[in-house]
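One file, input11.tsv, is given below (TSV, C-alpha atoms).
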```
chain	number	residue	atom	x	y	z
M	328	MET	CA	18.87	-56.34	-41.01
M	329	SER	CA	16.33	-56.06	-43.79
M	330	ASP	CA	13.55	-56.00	-41.18
M	331	PHE	CA	15.25	-53.06	-39.47
M	332	LEU	CA	15.57	-51.15	-42.71
M	333	THR	CA	11.95	-51.87	-43.55
M	334	GLY	CA	10.89	-50.64	-40.14
M	335	LEU	CA	12.97	-47.49	-40.59
M	336	LEU	CA	11.36	-46.76	-43.94
M	337	HIS	CA	7.90	-47.13	-42.42
M	338	PHE	CA	8.74	-44.86	-39.46
M	339	ASN	CA	5.94	-42.39	-38.91
M	340	ILE	CA	7.41	-38.95	-39.58
M	341	SER	CA	4.71	-37.29	-37.49
M	342	MET	CA	6.43	-38.71	-34.38
M	343	LEU	CA	9.25	-36.24	-35.07
M	344	VAL	CA	6.77	-33.48	-34.33
M	345	LYS	CA	4.71	-35.20	-31.65
M	346	ILE	CA	7.52	-36.24	-29.28
M	347	PRO	CA	9.28	-32.84	-29.03
M	348	LEU	CA	5.92	-31.11	-28.67
M	349	LEU	CA	4.89	-33.43	-25.84
M	350	LEU	CA	8.27	-32.91	-24.16
M	351	LEU	CA	7.82	-29.16	-24.43
M	352	ILE	CA	4.34	-29.27	-22.93
M	353	GLY	CA	5.59	-31.59	-20.18
M	354	LEU	CA	8.38	-29.17	-19.24
M	355	TYR	CA	5.91	-26.31	-19.24
M	356	ILE	CA	3.62	-28.25	-16.89
M	357	ILE	CA	6.53	-28.62	-14.44
M	358	PHE	CA	7.24	-24.86	-14.68
M	359	VAL	CA	3.62	-23.95	-14.04
M	360	PHE	CA	3.45	-26.38	-11.11
M	361	PHE	CA	6.40	-24.62	-9.48
M	362	MET	CA	4.74	-21.25	-10.13
M	363	TRP	CA	1.52	-22.41	-8.44
M	364	ASN	CA	3.48	-23.69	-5.43
M	365	GLN	CA	5.38	-20.42	-5.20
M	366	VAL	CA	2.18	-18.35	-5.17
M	367	LYS	CA	0.67	-20.55	-2.44
M	368	SER	CA	3.74	-20.18	-0.23
M	369	LEU	CA	3.87	-16.42	-0.80
M	370	ASN	CA	0.24	-16.11	0.29
M	371	LYS	CA	1.25	-17.64	3.62
M	372	LEU	CA	4.08	-15.10	3.95
M	373	ILE	CA	2.00	-11.97	3.32
M	374	LEU	CA	-1.63	-11.89	4.35
M	375	ILE	CA	-4.09	-9.29	3.10
M	376	PRO	CA	-7.41	-10.71	4.36
M	377	HIS	CA	-9.89	-8.58	2.44
M	378	SER	CA	-8.00	-8.57	-0.82
M	379	SER	CA	-9.21	-10.90	-3.55
M	380	ALA	CA	-6.03	-10.36	-5.57
M	381	GLN	CA	-4.11	-13.10	-3.75
M	382	ILE	CA	-6.96	-15.57	-4.29
M	383	ILE	CA	-7.22	-14.60	-7.96
M	384	LEU	CA	-3.48	-15.15	-8.54
M	385	VAL	CA	-3.59	-18.62	-6.97
M	386	PHE	CA	-6.69	-19.43	-9.01
M	387	LEU	CA	-5.08	-18.25	-12.27
M	388	ALA	CA	-1.94	-20.27	-11.59
M	389	PHE	CA	-4.06	-23.36	-10.90
M	390	VAL	CA	-6.19	-22.81	-14.01
M	391	GLN	CA	-3.03	-22.47	-16.06
M	392	LEU	CA	-1.79	-25.78	-14.65
M	393	LEU	CA	-5.07	-27.48	-15.53
M	394	ILE	CA	-5.03	-26.09	-19.06
M	395	ALA	CA	-1.43	-27.23	-19.57
M	396	ILE	CA	-2.28	-30.76	-18.40
M	397	SER	CA	-5.39	-30.80	-20.65
M	398	LEU	CA	-3.30	-29.62	-23.59
M	399	PHE	CA	-0.88	-32.47	-22.97
M	400	GLY	CA	-3.75	-34.96	-23.01
M	401	ILE	CA	-5.23	-33.48	-26.17
M	402	ALA	CA	-1.83	-33.49	-27.88
M	403	VAL	CA	-1.36	-37.19	-27.04
M	404	VAL	CA	-4.75	-38.02	-28.55
M	405	ILE	CA	-4.98	-35.89	-31.68
M	406	LEU	CA	-1.37	-35.78	-32.86
V	1095	MET	CA	30.10	48.00	-27.51
V	1096	PRO	CA	27.34	45.54	-26.55
V	1097	ASP	CA	27.76	43.44	-23.36
V	1098	ILE	CA	29.18	39.97	-24.10
V	1099	PHE	CA	28.11	38.52	-20.79
V	1100	VAL	CA	25.75	39.89	-18.18
V	1101	PHE	CA	25.77	38.06	-14.85
V	1102	PRO	CA	22.16	37.08	-13.97
V	1103	LYS	CA	21.20	38.74	-10.70
V	1104	LYS	CA	19.10	35.74	-9.57
V	1105	LEU	CA	22.30	33.69	-9.17
V	1106	LEU	CA	23.31	36.01	-6.37
V	1107	ASP	CA	20.48	34.52	-4.31
V	1108	PRO	CA	21.80	31.39	-2.47
V	1109	ALA	CA	18.28	29.90	-2.37
V	1110	VAL	CA	18.58	29.15	-6.08
V	1111	PHE	CA	21.13	26.41	-5.38
V	1112	VAL	CA	19.21	24.72	-2.57
V	1113	ASP	CA	17.61	21.34	-3.43
V	1114	PRO	CA	13.82	21.44	-3.36
V	1115	VAL	CA	12.38	20.39	-0.01
V	1116	PRO	CA	10.59	17.03	-0.25
V	1117	LYS	CA	6.91	16.76	0.59
V	1118	PRO	CA	6.56	17.03	4.38
V	1119	VAL	CA	5.62	13.85	6.20
V	1120	ASN	CA	3.04	13.90	8.96
V	1121	LEU	CA	5.28	12.50	11.64
V	1122	GLU	CA	2.76	13.01	14.43
V	1123	LYS	CA	1.00	9.89	13.20
V	1124	ILE	CA	4.22	7.90	13.41
V	1125	PHE	CA	4.84	9.08	16.96
V	1126	LEU	CA	1.24	8.27	17.93
V	1127	PHE	CA	1.80	4.76	16.60
V	1128	GLN	CA	4.93	4.31	18.60
V	1129	ASN	CA	3.27	5.54	21.77
V	1130	ASN	CA	0.42	3.09	21.20
V	1131	ALA	CA	2.69	0.28	20.12
V	1132	HIS	CA	1.36	-2.06	22.81
V	1133	SER	CA	-1.74	-2.56	20.70
V	1134	ALA	CA	-1.40	-3.99	17.23
V	1135	ARG	CA	-4.21	-1.81	15.89
V	1136	PRO	CA	-3.80	1.85	15.02
V	1137	SER	CA	-5.11	4.27	17.61
V	1138	ALA	CA	-8.61	5.61	17.14
V	1139	ALA	CA	-7.19	8.96	16.07
V	1140	ILE	CA	-5.53	7.38	13.05
V	1141	LYS	CA	-7.47	5.66	10.31
V	1142	GLY	CA	-5.50	3.08	8.42
V	1143	LYS	CA	-5.92	2.75	4.66
V	1144	ARG	CA	-7.21	-0.37	3.02
V	1145	LEU	CA	-4.91	-1.83	0.40
V	1146	ASN	CA	-6.22	-2.49	-3.08
V	1147	ALA	CA	-4.73	-4.82	-5.68
V	1148	PHE	CA	-2.79	-1.99	-7.34
V	1149	SER	CA	-1.47	-0.22	-4.23
V	1150	THR	CA	2.18	0.73	-4.54
V	1151	PHE	CA	2.51	3.22	-1.68
V	1152	CYS	CA	0.26	2.91	1.36
V	1153	GLU	CA	0.72	4.54	4.73
V	1154	TYR	CA	-0.72	2.64	7.69
V	1155	PRO	CA	-2.17	-0.22	5.63
V	1156	GLN	CA	-5.14	-1.82	7.31
V	1157	ASP	CA	-5.33	-5.54	7.97
V	1158	VAL	CA	-2.02	-6.44	6.40
V	1159	SER	CA	0.14	-8.90	8.25
V	1160	PHE	CA	3.16	-11.03	7.53
V	1161	ALA	CA	4.77	-14.16	8.91
V	1162	ASN	CA	6.91	-13.57	12.04
V	1163	GLN	CA	5.21	-10.25	12.72
V	1164	LEU	CA	5.52	-9.38	16.41
V	1165	GLU	CA	2.42	-8.68	18.49
V	1166	ASP	CA	3.24	-5.04	19.07
V	1167	GLU	CA	4.64	-4.44	15.60
V	1168	VAL	CA	2.60	-2.13	13.36
V	1169	ILE	CA	3.15	-1.67	9.64
V	1170	LEU	CA	3.68	2.01	8.86
V	1171	LEU	CA	4.44	1.83	5.17
V	1172	PHE	CA	3.66	-0.71	2.46
V	1173	LEU	CA	5.62	-0.40	-0.79
V	1174	ARG	CA	5.69	-2.01	-4.22
V	1175	ALA	CA	7.38	-1.05	-7.48
V	1176	ASP	CA	5.57	1.75	-9.27
V	1177	LEU	CA	2.80	0.64	-11.64
V	1178	ILE	CA	4.55	2.25	-14.60
V	1179	THR	CA	7.34	-0.35	-14.32
V	1180	ASN	CA	4.88	-2.94	-15.69
V	1181	VAL	CA	4.42	-1.16	-19.02
V	1182	PRO	CA	7.31	-2.91	-20.87
V	1183	TRP	CA	6.13	-6.47	-20.25
V	1184	ILE	CA	2.49	-5.52	-20.89
V	1185	ALA	CA	3.55	-4.12	-24.28
V	1186	ILE	CA	5.45	-7.34	-25.05
V	1187	VAL	CA	2.37	-9.42	-24.18
V	1188	LEU	CA	0.09	-7.30	-26.38
V	1189	VAL	CA	2.46	-7.67	-29.34
V	1190	ALA	CA	2.88	-11.39	-28.68
V	1191	LEU	CA	-0.89	-11.89	-28.79
V	1192	LEU	CA	-0.95	-10.62	-32.37
V	1193	VAL	CA	1.86	-12.87	-33.68
V	1194	PRO	CA	-0.02	-16.13	-34.45
V	1195	PRO	CA	-2.82	-14.53	-36.51
V	1196	LEU	CA	-0.24	-12.54	-38.47
V	1197	VAL	CA	1.93	-15.60	-39.09
V	1198	LEU	CA	-1.04	-17.70	-40.15
V	1199	MET	CA	-2.20	-14.94	-42.46
V	1200	LEU	CA	1.27	-14.68	-44.01
V	1201	LEU	CA	1.49	-18.44	-44.46
V	1202	GLY	CA	-1.93	-18.38	-46.09
V	1203	THR	CA	-0.84	-15.66	-48.51
V	1204	PHE	CA	2.71	-16.93	-49.13
V	1205	PRO	CA	2.63	-20.68	-48.54
V	1206	PHE	CA	5.92	-22.54	-48.08
V	1207	PRO	CA	5.61	-25.89	-49.89
V	1208	THR	CA	8.32	-27.50	-47.76
V	1209	LEU	CA	6.72	-26.39	-44.52
V	1210	THR	CA	3.36	-28.15	-44.32
V	1211	VAL	CA	1.96	-28.71	-40.88
V	1212	SER	CA	-1.24	-30.57	-40.18
V	1213	ALA	CA	-4.21	-28.68	-38.79
V	1214	GLN	CA	-4.04	-30.60	-35.48
V	1215	THR	CA	-0.38	-29.68	-35.00
V	1216	THR	CA	-1.16	-26.03	-35.78
V	1217	VAL	CA	-3.92	-25.98	-33.18
V	1218	ILE	CA	-1.65	-27.52	-30.52
V	1219	LEU	CA	1.21	-25.16	-31.36
V	1220	VAL	CA	-0.98	-22.07	-31.23
V	1221	ALA	CA	-2.59	-23.20	-27.96
V	1222	LEU	CA	0.85	-23.82	-26.44
V	1223	TYR	CA	2.07	-20.43	-27.65
V	1224	TYR	CA	-0.85	-18.59	-26.02
V	1225	LEU	CA	-0.37	-20.61	-22.86
V	1226	VAL	CA	3.28	-19.55	-22.71
V	1227	VAL	CA	2.31	-15.89	-23.28
V	1228	PHE	CA	-0.26	-16.18	-20.48
V	1229	GLY	CA	2.38	-17.76	-18.25
V	1230	TYR	CA	4.78	-14.88	-19.01
V	1231	ALA	CA	2.10	-12.32	-18.10
V	1232	LEU	CA	1.16	-14.17	-14.91
V	1233	GLY	CA	4.82	-14.56	-13.90
V	1234	ASN	CA	5.45	-10.83	-14.28
V	1235	THR	CA	2.28	-10.04	-12.34
V	1236	ILE	CA	3.40	-12.33	-9.51
V	1237	ASN	CA	6.87	-10.73	-9.52
V	1238	TRP	CA	5.37	-7.26	-9.21
V	1239	PHE	CA	2.65	-8.18	-6.70
V	1240	TYR	CA	4.86	-10.01	-4.24
V	1241	ASN	CA	7.99	-7.85	-4.44
V	1242	ILE	CA	7.10	-5.85	-1.36
V	1243	GLY	CA	8.87	-3.48	0.96
V	1244	MET	CA	7.54	-2.65	4.41
V	1245	VAL	CA	8.49	-0.24	7.14
V	1246	THR	CA	7.17	-1.14	10.57
V	1247	THR	CA	7.58	0.38	14.01
V	1248	LYS	CA	10.39	-2.10	14.70
V	1249	ARG	CA	12.10	-2.91	11.38
V	1250	VAL	CA	12.26	-2.62	7.63
V	1251	LEU	CA	11.48	-5.64	5.48
V	1252	ASP	CA	12.18	-6.43	1.86
V	1253	LEU	CA	10.53	-9.38	0.15
V	1254	ASP	CA	12.17	-10.28	-3.18
V	1255	VAL	CA	10.52	-12.88	-5.33
V	1256	SER	CA	10.84	-14.53	-8.71
V	1257	SER	CA	7.78	-16.20	-10.13
V	1258	VAL	CA	9.11	-19.73	-9.81
V	1259	THR	CA	11.91	-20.63	-7.45
V	1260	TYR	CA	13.50	-17.60	-5.79
V	1261	LYS	CA	12.29	-15.96	-2.60
V	1262	ASN	CA	14.31	-13.77	-0.25
V	1263	VAL	CA	13.13	-12.00	2.88
V	1264	ALA	CA	15.55	-9.44	4.28
V	1265	SER	CA	14.84	-7.45	7.40
V	1266	ALA	CA	16.73	-5.02	9.58
V	1267	ILE	CA	15.75	-3.51	12.90
V	1268	ILE	CA	15.45	0.25	12.89
V	1269	SER	CA	18.25	0.83	15.38
V	1270	SER	CA	20.76	-1.04	13.19
V	1271	ILE	CA	20.22	1.25	10.20
V	1272	ALA	CA	23.37	3.20	9.41
V	1273	ASP	CA	22.38	5.20	6.36
V	1274	VAL	CA	19.45	5.76	4.01
V	1275	ASP	CA	19.62	7.21	0.54
V	1276	TYR	CA	17.58	7.13	-2.63
V	1277	THR	CA	18.32	7.32	-6.36
V	1278	GLN	CA	16.19	8.39	-9.29
V	1279	ARG	CA	17.80	7.68	-12.65
V	1280	GLY	CA	16.63	9.00	-15.97
V	1281	PHE	CA	13.61	10.81	-17.31
V	1282	PHE	CA	10.91	8.27	-16.45
V	1283	GLN	CA	11.91	7.84	-12.83
V	1284	THR	CA	12.08	11.60	-12.33
V	1285	PHE	CA	8.85	12.30	-14.19
V	1286	PHE	CA	6.82	9.58	-12.49
V	1287	ASP	CA	8.59	10.10	-9.12
V	1288	PHE	CA	9.80	6.61	-8.39
V	1289	GLY	CA	13.26	5.30	-7.57
V	1290	ASP	CA	15.44	3.00	-5.46
V	1291	VAL	CA	15.81	3.46	-1.73
V	1292	LEU	CA	18.94	1.90	-0.27
V	1293	ILE	CA	19.00	1.27	3.46
V	1294	GLN	CA	22.48	0.45	4.72
V	1295	THR	CA	22.77	-1.42	7.95
V	1296	GLU	CA	25.69	-1.95	10.25
V	1297	SER	CA	26.04	-5.50	9.01
V	1298	LYS	CA	27.64	-5.55	5.56
V	1299	MET	CA	25.55	-8.50	4.39
V	1300	SER	CA	22.11	-7.13	5.01
V	1301	ASN	CA	21.57	-3.91	3.07
V	1302	ILE	CA	17.94	-3.46	2.18
V	1303	GLU	CA	16.88	-2.02	-1.15
V	1304	PHE	CA	13.39	-0.97	-2.13
V	1305	GLU	CA	13.50	-0.96	-5.91
V	1306	LYS	CA	11.49	1.44	-8.08
V	1307	VAL	CA	9.16	2.52	-5.28
V	1308	PRO	CA	6.99	5.64	-5.52
V	1309	GLN	CA	7.94	8.79	-3.60
V	1310	PRO	CA	11.40	7.58	-2.57
V	1311	SER	CA	12.16	10.90	-0.86
V	1312	VAL	CA	9.17	10.38	1.46
V	1313	VAL	CA	10.27	6.81	2.21
V	1314	GLU	CA	13.77	8.04	3.03
V	1315	ASP	CA	12.36	10.75	5.29
V	1316	ILE	CA	10.15	8.29	7.20
V	1317	VAL	CA	12.99	5.82	7.76
V	1318	ILE	CA	15.36	8.57	8.90
V	1319	LYS	CA	12.82	9.93	11.38
V	1320	LEU	CA	12.17	6.42	12.69
V	1321	LYS	CA	15.90	5.94	13.09
V	1322	GLU	CA	16.10	9.19	15.12
V	1323	GLN	CA	13.35	7.84	17.35
V	1324	ASN	CA	15.15	4.50	17.73
V	1325	PRO	CA	18.81	5.32	18.24
V	1326	GLU	CA	21.39	2.59	18.68
V	1327	THR	CA	21.38	1.03	22.15
```
Output the file's structure as structure tokens, nothing else.
Amino acid sequence: MSDFLTGLLHFNISMLVKIPLLLLIGLYIIFVFFMWNQVKSLNKLILIPHSSAQIILVFLAFVQLLIAISLFGIAVVIL
Amino acid sequence: MPDIFVFPKKLLDPAVFVDPVPKPVNLEKIFLFQNNAHSARPSAAIKGKRLNAFSTFCEYPQDVSFANQLEDEVILLFLRADLITNVPWIAIVLVALLVPPLVLMLLGTFPFPTLTVSAQTTVILVALYYLVVFGYALGNTINWFYNIGMVTTKRVLDLDVSSVTYKNVASAIISSIADVDYTQRGFFQTFFDFGDVLIQTESKMSNIEFEKVPQPSVVEDIVIKLKEQNPET
């Protein structure tokens, strides 16, 4: 019992910030992954061969996914 | 005694009460398409237009195709929501970009002793915030870019999309169209000439709606003329 109380007193308060933040970033990664998949499937539905806009949208969605995953990794390390 | 009311003579002319005639559509091109429908490419007499990234109204778009397009099916009209409909979310994004510097400046000027956050946490929070703002902008761009309406020689198509999970493709063959009408509500829609075109089909479940498209009167005219060319069998 006393060991539990001692452990509780030494609980790192920064975990109260780190865990919710990591959960938030994780949920956002899932959202962005779905967005990237949606754009890829829409590009198969409508084809505009000479337009770079479709390619740019897929690229931006993928870059966003990479940045979100990188942010998760950085948050795990520095927080 | 002065006249209390003098009836304006111009009101005697019936033409005053007639709705303005919409811009005439060059229907010869449509009929040429239909006569050359065996080839998927426009006839030599008609030059298709190349779509750009911001096209919202394009007649005879070149090189556009879609899944399940028939071999002899030619796209006559390519529609998206008017560009002006993007102004609200663009304004929100621009304001959102300014929030973190303002908040950090305020916290620097009026520090809250009970609210101390480490520098690393601040960096992660700000990075996440900007990522979410970017995601919001990209999601709205995707919604606008892929919400497409098309009128072809055989049918009308409506592609409705949300940025993440929702996608709906509705189509109706020209001969099944029962009624076409359009609506322009409010000052902005009237001023910038965009509105909703509702295409009612014989089936109750499959009404097609092109939302906030430019020149809705022209779209209505084209669909009606196509319907006249393709009566019910």
_Only residues of chain M matter here; which ones have an atom within 7 Å of chain V, counting only C-alpha atoms? Give them as a ChimeraX atom specification._
/M:361-362,365,372-376,378,380,402,405-406
*For Trp363 in chain M, which residue among M:Ala388, M:Ile382, M:Ile346, M:Leu351 is the nearest when counting all atoms listed in the file?*
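Of the candidates, the smallest distance to Trp363 in chain M is held by M:Ala388.
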_Sel. within 8 Å of pt (-1.4, -21.2, -8.7), counting only C-alpha atoms, output as a PyMOL selection string_ = chain M and resi 359-360+362-367+384-392
*Could you please determine the separation between CA of Ile1293 in chain V and CA of Asn1324 in chain V in Å, to one decimal place?*
15.1 Å
*Do you have the CA of Ser1265 in chain V-CA of Lys1143 in chain V distance handy?*
23.3 Å
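The coordinates place CA of Lys371 in chain M at 20.0 Å from CA of Asp1166 in chain V.
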Spatial neighbours of range 1317-1321 of chain V, max dist 8 Å, all atoms listed in the file, sep filter under 5 positions, as a PDB file with C-alpha atoms, in the coordinates of the input:
```pdb
ATOM      1  CA  LEU V1121       5.280  12.500  11.640  1.00  0.00           C
ATOM      2  CA  VAL V1245       8.490  -0.240   7.140  1.00  0.00           C
ATOM      3  CA  THR V1247       7.580   0.380  14.010  1.00  0.00           C
ATOM      4  CA  ILE V1268      15.450   0.250  12.890  1.00  0.00           C
ATOM      5  CA  SER V1269      18.250   0.830  15.380  1.00  0.00           C
ATOM      6  CA  ILE V1271      20.220   1.250  10.200  1.00  0.00           C
ATOM      7  CA  VAL V1274      19.450   5.760   4.010  1.00  0.00           C
TER       8      VAL V1274
END
```
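Minimum atom-to-atom distance to Tyr355 in chain M, evaluated using all atoms listed in the file, belongs to V:Tyr1223 out of V:Tyr1223, V:Met1199, V:Thr1179, V:Gly1142.
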*asked:* Can you tell me which residues surround range 1286-1292 of chain V at a distance of at most 10 Å, considering all atoms listed in the file, apart from same-chain residues fewer than 3 positions away, and format the answer as number ranges by chain?
replied: V: 1175-1179, 1273-1283, 1295, 1301-1311, 1313-1314
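Remark: for Val404 in chain M, the closest of the candidate residues M:Gln381, M:Asn370, M:Gly353, M:Lys345 is M:Lys345 (distances computed over only C-alpha atoms).
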*Just the residues within 8 Å of Ile352 in chain M, please, counting all atoms listed in the file, with nothing from its chain fewer than 6 positions along; format it as a ChimeraX atom specification.*
/M:395,398-399 /V:1222
*asked:* Given all atoms listed in the file as the basis, pick out the residue of V:Thr1216, V:Asn1234, V:Asn1262, V:Asn1241 nearest to Arg1174 in chain V.
replied: V:Asn1241
